[in-house]
Amino acid sequence: MNNQSINPHQWRKAQKQKAKLRIGLAGTSGSGKTYSALLLASGLTSWDKIGVIDTENGSADLYENLGAYKVLPIEAPFTPEKYIDALKSAESIGLEVVIIDSVTHVWKGEGGLLEFNTKLGGKFQDWAKTTPRYQAFLQGILQSKLHVITTVRKKTAYAMVQENGKSKVDLHPIN
């Protein structure tokens, strides 16, 4: 245990600082995550200062009628380093808000961390190599000079239910 005492002279007056938002939106496919992220971003800055890192095959372009935001399509492999590079690129062109649509792929997409870990052998000790890459990805977001909004896909569970004598599919997100 640390026996150092707190020096009463370390106290200081609270000072408001310019904090950057870190927002995560989760939902099932088609639930409006990209659209909602764009609307949130537009409340933080002008449209020309918003960028979308798009891993969803062009879904960010669907809302071009909202404003003149920028899109950076990225494709597999979805490595943490590629996401970090995309964030740095957004900073370098003067964006203020970046939407990462979606972070799902960094974990379980082609070239993502689960695939990386499996290629290492999938053993418990292999996480010692995988986890630092994930931590670097998180630090890339947390240390960014931008407001960052992420989207992530939730799985959808379904069950066949009887309603009024007819079979129907009942969908609901898995928590």
# chains A, B, ... in the order shown; residues from 1 in each chain; ligands from 1
>>> closest_atom_pairs(of="region 53-157 of chain A", to="region 15-20 of chain A", cutoff="8 Å", atoms="only C-alpha atoms", output="CSV")
residue,atom,partner,partner_atom,distance
A:Lys145,CA,A:Lys20,CA,7.1
A:Leu146,CA,A:Lys20,CA,6.3
A:His147,CA,A:Lys20,CA,4.9
A:Val148,CA,A:Lys20,CA,7.7
>>> closest_atom_pairs(of="region 34-78 of chain A", to="region 114-128 of chain A", cutoff="12 Å", atoms="only C-alpha atoms", output="JSON lines")
{"residue": "A:Ala76", "atom": "CA", "partner": "A:Glu115", "partner_atom": "CA", "distance": 11.8}
{"residue": "A:Pro77", "atom": "CA", "partner": "A:Glu115", "partner_atom": "CA", "distance": 10.1}
{"residue": "A:Phe78", "atom": "CA", "partner": "A:Glu115", "partner_atom": "CA", "distance": 10.1}
>>> write_last_selection(atoms="N, CA and C atoms", output="compact mmCIF listing (two decimals), in the first residue's frame")
# COMPACT_ATOMS: atom_id res chain seq x y z
N ALA A 76 -11.47 -4.19 -46.29
CA ALA A 76 -10.65 -5.19 -45.61
C ALA A 76 -9.23 -5.13 -46.15
N PRO A 77 -8.26 -5.44 -45.33
CA PRO A 77 -8.38 -5.92 -43.95
C PRO A 77 -8.70 -4.77 -42.99
N PHE A 78 -9.57 -5.05 -42.04
CA PHE A 78 -10.02 -4.05 -41.07
C PHE A 78 -9.15 -4.09 -39.82
>>> closest_atom_pairs(of="region 53-127 of chain A", to="region 31-49 of chain A", cutoff="8 Å", atoms="only C-alpha atoms", output="CSV")
residue,atom,partner,partner_atom,distance
A:Ser59,CA,A:Thr34,CA,7.8
A:Ala60,CA,A:Thr34,CA,6.7
A:Tyr63,CA,A:Tyr35,CA,7.0
A:Gly67,CA,A:Trp47,CA,5.4
A:Ala68,CA,A:Asp48,CA,5.4
A:Tyr69,CA,A:Asp48,CA,5.0
A:Lys70,CA,A:Asp48,CA,7.1
A:Gly94,CA,A:Lys49,CA,7.0
A:Leu95,CA,A:Lys49,CA,4.5
A:Glu96,CA,A:Lys49,CA,5.3
A:Val97,CA,A:Ala41,CA,6.3
A:Val98,CA,A:Ala41,CA,7.9
A:Ile99,CA,A:Ala37,CA,6.8
A:Asp101,CA,A:Thr34,CA,6.8
>>> closest_residue(among="A:Ser144, A:Ile74, A:Glu64, A:Ser102", to="Ala90 (chain A)", atoms="only C-alpha atoms")
A:Ser144
>>> closest_residue(among="A:Ile53, A:Ala136, A:Ala26, A:Leu113", to="Lys154 (chain A)", atoms="only C-alpha atoms")
A:Ala26
>>> select_by_dssp(residues="region 7-166 of chain A", states="strand (DSSP E)", output="ChimeraX atom specification")
/A:22-27,50-54,70-73,97-101,147-153,156-163,166
>>> closest_residue(among="A:Ile141, A:Thr150, A:Gly58, A:Tyr134", to="Glu91 (chain A)", atoms="only C-alpha atoms")
A:Ile141
>>> closest_residue(among="A:Tyr83, A:Glu56, A:Gly51, A:Pro73", to="Leu138 (chain A)", atoms="only C-alpha atoms")
A:Tyr83
>>> closest_residue(among="A:Ile93, A:Val103, A:Val52, A:Leu62", to="Thr79 (chain A)", atoms="only C-alpha atoms")
A:Val103
>>> select_by_dssp(residues="chain A", states="helix (DSSP H, G or I)", output="ChimeraX atom specification")
/A:8-10,33-42,47-49,59-66,80-92,104-108,113-120,124-142
